[in-house]
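For reference, the structure discussed in these notes is given below.
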Amino acid sequence: MAEAVSNTNMLSPRASLHHKHRKSVFSSKFNCRSAFFSSAIGLGFPSLKLRPMAPRSSSSSSNSEFHGRRIFVQRREGILRRGNTQVSNPQMSIAIGKAQKWWEKGLQPNTKEIKGAQDLVDSLLNAGDKLVVVDFFSPGCGGCKALHPKICQLAGMNPDVQFLHVNYEEHKSMCYALNVHVLPFFRFYRGAHGRLCSFSCTNATIKKFKDALTKHSPDRCSLGPPKGLEEKELLALSANKDLSFNYTPKPKQPMPLLAPEKTLAEESAAAASHSNPGSPPPLPLPLPLPLPLPLPLRTIKAAQDSG
């Protein structure tokens with residue numbers, strides 16, 4: 001028992017020394033932090049302001065007060081206030097734009113989307129002598145989606161060519177009237193020549209489109225007003241009840257019939273009657289004799305031999 005008491009008496013100075021050392025370190029750290037906050041506030045940081053407020057309760061004051069003062073935090077977005085007023089937190093509004101569809105990406109200034117049959121006819125007529133490429137596509141067509149970027153690239157390389165896009169799903173009746181049943185499908189039009197060519201190609205056969213564009217893209221003068229769609233196509237569009245398009249075919253003017261040519265006898269008789277009204281009508285002129293037929297070579301040879 002005496003040995004245990006002696007051991008505790010021997011260890012107690014060390015324990016007390018260690019306790020004093022920890023207390024001094026804690027107090028030094030606390031003093032450093034308080035000095036830093038006081039210097040920061042003294043320098044005038046905009047984000048830290050001190051406002052004296054009376055503590056509400058002992059428990060809250062011990063947690064929220066700092067040397068009898070309350071820290072007031074100010075943000076750039078808004079101000080947090082406490083007291084009689086309500087706390088207004090900054091709210092962030094996130095605007096999510098509408099996703100762009102694949103056939104709307106990469107469109108060039110010389111590209112136009114067709115809204116209906118009347119729009120297609122007017123676009124072809126207003127193009128004049130300019131080359132017009134009509135592109136029939138469908139949103140669910142994989143070949144159309146793969147070919148679309150290259151068509152937009154070629155449209156940018158040829159600004160003098162007008163590109164018209166027709167959505168097959170939105171204008172099925174018009175595509176049926178124009179006999180378009182394969183996608184992707186293209187038609188080339190120019191001025192008074194009307195339709196130049198029509199074909200279907202994919203991403204693998206894009207050379208067909210490039211060759212047609214190279215062949216018909218040079219400027220050419222077409223005499224007469226622009227033709228646009230053919231008359232049978234216009235009649236098919238006007239006959240379709242689902243389309244708001246009216247077309248009246250032009251009435252065909254009958255060709256004037258030429259008067260039968262007068263014979264030489266009638267002309268001579270008319271002239272004689274005008275010159276001598278009392279004279280009898282002249283006799284008709286004899287008909288011209290037929291030309292002699294060529295003799296066969298055998299008869300000619302026999303005559304030469306006899307001679």
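FYI, nothing fancy with the structure tokens labels: chains A, B, ... in order, residues from 1 per chain, ligands from 1 as they appear.
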Backbone-only DSSP, helix (DSSP H, G or I) members of region 142-213 of chain A, as JSON, numbers by chain | {"A": [142, 143, 144, 145, 146, 147, 148, 149, 150, 151, 152, 153, 154, 155, 156, 157, 172, 173, 174, 175, 176, 177, 191, 192, 193, 206, 207, 208, 209, 210, 211, 212, 213]}
Selected residues written out, N, CA and C atoms, as a compact mmCIF listing (two decimals), in the first residue's frame:
# COMPACT_ATOMS: atom_id res chain seq x y z
N GLY A 142 -32.78 6.19 -90.84
CA GLY A 142 -31.37 6.19 -90.48
C GLY A 142 -30.47 6.69 -91.59
N GLY A 143 -30.80 6.34 -92.85
CA GLY A 143 -30.00 6.84 -93.96
C GLY A 143 -30.09 8.35 -94.11
N CYS A 144 -31.27 8.92 -93.86
CA CYS A 144 -31.43 10.38 -93.94
C CYS A 144 -30.61 11.06 -92.85
N LYS A 145 -30.59 10.48 -91.66
CA LYS A 145 -29.84 11.07 -90.56
C LYS A 145 -28.34 11.03 -90.82
N ALA A 146 -27.86 9.93 -91.40
CA ALA A 146 -26.43 9.82 -91.69
C ALA A 146 -26.02 10.72 -92.84
N LEU A 147 -26.92 10.97 -93.78
CA LEU A 147 -26.59 11.79 -94.95
C LEU A 147 -26.76 13.28 -94.70
N HIS A 148 -27.49 13.65 -93.66
CA HIS A 148 -27.81 15.07 -93.42
C HIS A 148 -26.57 15.95 -93.25
N PRO A 149 -25.54 15.56 -92.46
CA PRO A 149 -24.37 16.45 -92.33
C PRO A 149 -23.66 16.72 -93.64
N LYS A 150 -23.58 15.73 -94.52
CA LYS A 150 -22.91 15.94 -95.80
C LYS A 150 -23.73 16.84 -96.72
N ILE A 151 -25.06 16.71 -96.67
CA ILE A 151 -25.89 17.59 -97.48
C ILE A 151 -25.74 19.04 -97.01
N CYS A 152 -25.68 19.25 -95.70
CA CYS A 152 -25.48 20.60 -95.17
C CYS A 152 -24.10 21.14 -95.56
N GLN A 153 -23.09 20.28 -95.59
CA GLN A 153 -21.76 20.70 -96.00
C GLN A 153 -21.74 21.09 -97.47
N LEU A 154 -22.40 20.31 -98.32
CA LEU A 154 -22.46 20.66 -99.74
C LEU A 154 -23.28 21.92 -99.97
N ALA A 155 -24.32 22.15 -99.15
CA ALA A 155 -25.10 23.39 -99.26
C ALA A 155 -24.25 24.60 -98.92
N GLY A 156 -23.36 24.46 -97.92
CA GLY A 156 -22.46 25.56 -97.60
C GLY A 156 -21.42 25.81 -98.68
N MET A 157 -21.01 24.77 -99.38
CA MET A 157 -20.04 24.94 -100.46
C MET A 157 -20.66 25.48 -101.74
N LYS A 172 -47.15 13.62 -95.88
CA LYS A 172 -47.28 12.33 -96.57
C LYS A 172 -48.16 12.44 -97.80
N SER A 173 -49.25 13.17 -97.71
CA SER A 173 -50.16 13.29 -98.85
C SER A 173 -49.47 13.95 -100.03
N MET A 174 -48.68 14.97 -99.76
CA MET A 174 -47.97 15.65 -100.84
C MET A 174 -46.92 14.73 -101.45
N CYS A 175 -46.22 13.96 -100.63
CA CYS A 175 -45.21 13.04 -101.16
C CYS A 175 -45.86 11.93 -101.98
N TYR A 176 -47.04 11.45 -101.56
CA TYR A 176 -47.74 10.44 -102.36
C TYR A 176 -48.15 11.02 -103.72
N ALA A 177 -48.62 12.26 -103.72
CA ALA A 177 -49.01 12.88 -104.99
C ALA A 177 -47.83 13.09 -105.92
N GLY A 191 -35.44 26.70 -113.50
CA GLY A 191 -36.08 27.60 -114.44
C GLY A 191 -37.13 26.97 -115.32
N ALA A 192 -37.08 27.33 -116.61
CA ALA A 192 -38.06 26.85 -117.58
C ALA A 192 -37.85 25.39 -117.94
N HIS A 193 -36.70 24.82 -117.57
CA HIS A 193 -36.46 23.40 -117.86
C HIS A 193 -37.29 22.51 -116.94
N ILE A 206 -23.11 8.69 -102.11
CA ILE A 206 -23.17 10.14 -102.14
C ILE A 206 -22.54 10.70 -103.42
N LYS A 207 -21.72 9.90 -104.10
CA LYS A 207 -21.10 10.35 -105.34
C LYS A 207 -22.15 10.68 -106.40
N LYS A 208 -23.28 9.98 -106.37
CA LYS A 208 -24.35 10.26 -107.32
C LYS A 208 -24.88 11.69 -107.13
N PHE A 209 -25.02 12.09 -105.88
CA PHE A 209 -25.50 13.45 -105.58
C PHE A 209 -24.45 14.49 -105.99
N LYS A 210 -23.18 14.21 -105.70
CA LYS A 210 -22.13 15.16 -106.05
C LYS A 210 -22.01 15.33 -107.57
N ASP A 211 -22.14 14.23 -108.31
CA ASP A 211 -22.05 14.32 -109.77
C ASP A 211 -23.21 15.13 -110.33
N ALA A 212 -24.42 14.92 -109.83
CA ALA A 212 -25.56 15.70 -110.30
C ALA A 212 -25.41 17.17 -109.95
N LEU A 213 -24.85 17.46 -108.78
CA LEU A 213 -24.65 18.84 -108.38
C LEU A 213 -23.59 19.51 -109.24
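With only C-alpha atoms as the atoms that count, the minimum distance from Lys130 (chain A) to the choices A:Arg220, A:Lys105, A:Lys115, A:His171 is reached by A:Arg220.
Here CA of Asn158 (chain A) and CA of Glu113 (chain A) stand 17.5 Å from one another.
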For Cys141 (chain A), list every protein, DNA or RNA residue within 12 Å, evaluated using only C-alpha atoms, and leave out those in the same chain fewer than 3 positions away; present the list as a PyMOL selection string.
-> chain A and resi 102-103+136-138+144-148+167-169+182-185+202
Take the selection from the previous step and output its residues with N, CA, C and O atoms, as a PDB file, in the first residue's frame.
ATOM      1  N   TRP A 102     -32.149  16.496 -85.128  1.00  0.00           N
ATOM      2  CA  TRP A 102     -30.989  16.268 -85.990  1.00  0.00           C
ATOM      3  C   TRP A 102     -31.156  16.929 -87.348  1.00  0.00           C
ATOM      4  O   TRP A 102     -30.171  17.362 -87.956  1.00  0.00           O
ATOM      5  N   TRP A 103     -32.383  17.022 -87.863  1.00  0.00           N
ATOM      6  CA  TRP A 103     -32.564  17.654 -89.181  1.00  0.00           C
ATOM      7  C   TRP A 103     -32.563  19.185 -89.088  1.00  0.00           C
ATOM      8  O   TRP A 103     -32.651  19.855 -90.105  1.00  0.00           O
ATOM      9  N   PHE A 136     -36.211  15.112 -99.790  1.00  0.00           N
ATOM     10  CA  PHE A 136     -37.288  14.438 -99.063  1.00  0.00           C
ATOM     11  C   PHE A 136     -36.649  13.533 -98.003  1.00  0.00           C
ATOM     12  O   PHE A 136     -35.848  12.656 -98.345  1.00  0.00           O
ATOM     13  N   PHE A 137     -37.013  13.747 -96.727  1.00  0.00           N
ATOM     14  CA  PHE A 137     -36.414  12.984 -95.630  1.00  0.00           C
ATOM     15  C   PHE A 137     -37.504  12.617 -94.620  1.00  0.00           C
ATOM     16  O   PHE A 137     -38.634  13.121 -94.683  1.00  0.00           O
ATOM     17  N   SER A 138     -37.128  11.739 -93.695  1.00  0.00           N
ATOM     18  CA  SER A 138     -38.025  11.326 -92.619  1.00  0.00           C
ATOM     19  C   SER A 138     -37.238  11.313 -91.309  1.00  0.00           C
ATOM     20  O   SER A 138     -36.074  10.888 -91.297  1.00  0.00           O
ATOM     21  N   CYS A 144     -31.268   8.915 -93.864  1.00  0.00           N
ATOM     22  CA  CYS A 144     -31.428  10.380 -93.936  1.00  0.00           C
ATOM     23  C   CYS A 144     -30.609  11.061 -92.854  1.00  0.00           C
ATOM     24  O   CYS A 144     -29.990  12.105 -93.096  1.00  0.00           O
ATOM     25  N   LYS A 145     -30.589  10.484 -91.663  1.00  0.00           N
ATOM     26  CA  LYS A 145     -29.836  11.073 -90.560  1.00  0.00           C
ATOM     27  C   LYS A 145     -28.345  11.030 -90.818  1.00  0.00           C
ATOM     28  O   LYS A 145     -27.616  11.984 -90.506  1.00  0.00           O
ATOM     29  N   ALA A 146     -27.864   9.929 -91.398  1.00  0.00           N
ATOM     30  CA  ALA A 146     -26.435   9.817 -91.688  1.00  0.00           C
ATOM     31  C   ALA A 146     -26.017  10.718 -92.837  1.00  0.00           C
ATOM     32  O   ALA A 146     -24.874  11.212 -92.872  1.00  0.00           O
ATOM     33  N   LEU A 147     -26.917  10.974 -93.777  1.00  0.00           N
ATOM     34  CA  LEU A 147     -26.594  11.785 -94.951  1.00  0.00           C
ATOM     35  C   LEU A 147     -26.762  13.281 -94.698  1.00  0.00           C
ATOM     36  O   LEU A 147     -26.216  14.087 -95.450  1.00  0.00           O
ATOM     37  N   HIS A 148     -27.494  13.650 -93.662  1.00  0.00           N
ATOM     38  CA  HIS A 148     -27.809  15.066 -93.423  1.00  0.00           C
ATOM     39  C   HIS A 148     -26.566  15.946 -93.253  1.00  0.00           C
ATOM     40  O   HIS A 148     -26.500  17.033 -93.849  1.00  0.00           O
ATOM     41  N   ASN A 167     -40.320  17.312 -95.060  1.00  0.00           N
ATOM     42  CA  ASN A 167     -40.470  16.273 -94.040  1.00  0.00           C
ATOM     43  C   ASN A 167     -41.560  15.293 -94.496  1.00  0.00           C
ATOM     44  O   ASN A 167     -42.722  15.660 -94.646  1.00  0.00           O
ATOM     45  N   TYR A 168     -41.161  14.052 -94.701  1.00  0.00           N
ATOM     46  CA  TYR A 168     -42.090  13.042 -95.216  1.00  0.00           C
ATOM     47  C   TYR A 168     -43.210  12.753 -94.229  1.00  0.00           C
ATOM     48  O   TYR A 168     -44.353  12.521 -94.633  1.00  0.00           O
ATOM     49  N   GLU A 169     -42.894  12.760 -92.926  1.00  0.00           N
ATOM     50  CA  GLU A 169     -43.902  12.429 -91.917  1.00  0.00           C
ATOM     51  C   GLU A 169     -44.969  13.515 -91.809  1.00  0.00           C
ATOM     52  O   GLU A 169     -46.127  13.221 -91.500  1.00  0.00           O
ATOM     53  N   VAL A 182     -39.477   6.377-101.759  1.00  0.00           N
ATOM     54  CA  VAL A 182     -38.175   5.890-101.297  1.00  0.00           C
ATOM     55  C   VAL A 182     -37.438   7.064-100.666  1.00  0.00           C
ATOM     56  O   VAL A 182     -37.445   8.170-101.217  1.00  0.00           O
ATOM     57  N   LEU A 183     -36.801   6.816 -99.521  1.00  0.00           N
ATOM     58  CA  LEU A 183     -36.077   7.860 -98.803  1.00  0.00           C
ATOM     59  C   LEU A 183     -34.652   7.396 -98.527  1.00  0.00           C
ATOM     60  O   LEU A 183     -34.423   6.206 -98.300  1.00  0.00           O
ATOM     61  N   PRO A 184     -33.703   8.333 -98.523  1.00  0.00           N
ATOM     62  CA  PRO A 184     -33.807   9.748 -98.916  1.00  0.00           C
ATOM     63  C   PRO A 184     -33.925   9.907-100.422  1.00  0.00           C
ATOM     64  O   PRO A 184     -33.347   9.125-101.177  1.00  0.00           O
ATOM     65  N   PHE A 185     -34.674  10.921-100.858  1.00  0.00           N
ATOM     66  CA  PHE A 185     -34.979  11.133-102.266  1.00  0.00           C
ATOM     67  C   PHE A 185     -34.691  12.591-102.610  1.00  0.00           C
ATOM     68  O   PHE A 185     -34.966  13.492-101.818  1.00  0.00           O
ATOM     69  N   THR A 202     -27.820   7.219-100.754  1.00  0.00           N
ATOM     70  CA  THR A 202     -27.520   7.093 -99.333  1.00  0.00           C
ATOM     71  C   THR A 202     -26.115   7.628 -99.080  1.00  0.00           C
ATOM     72  O   THR A 202     -25.471   8.202 -99.964  1.00  0.00           O
TER      73      THR A 202
END
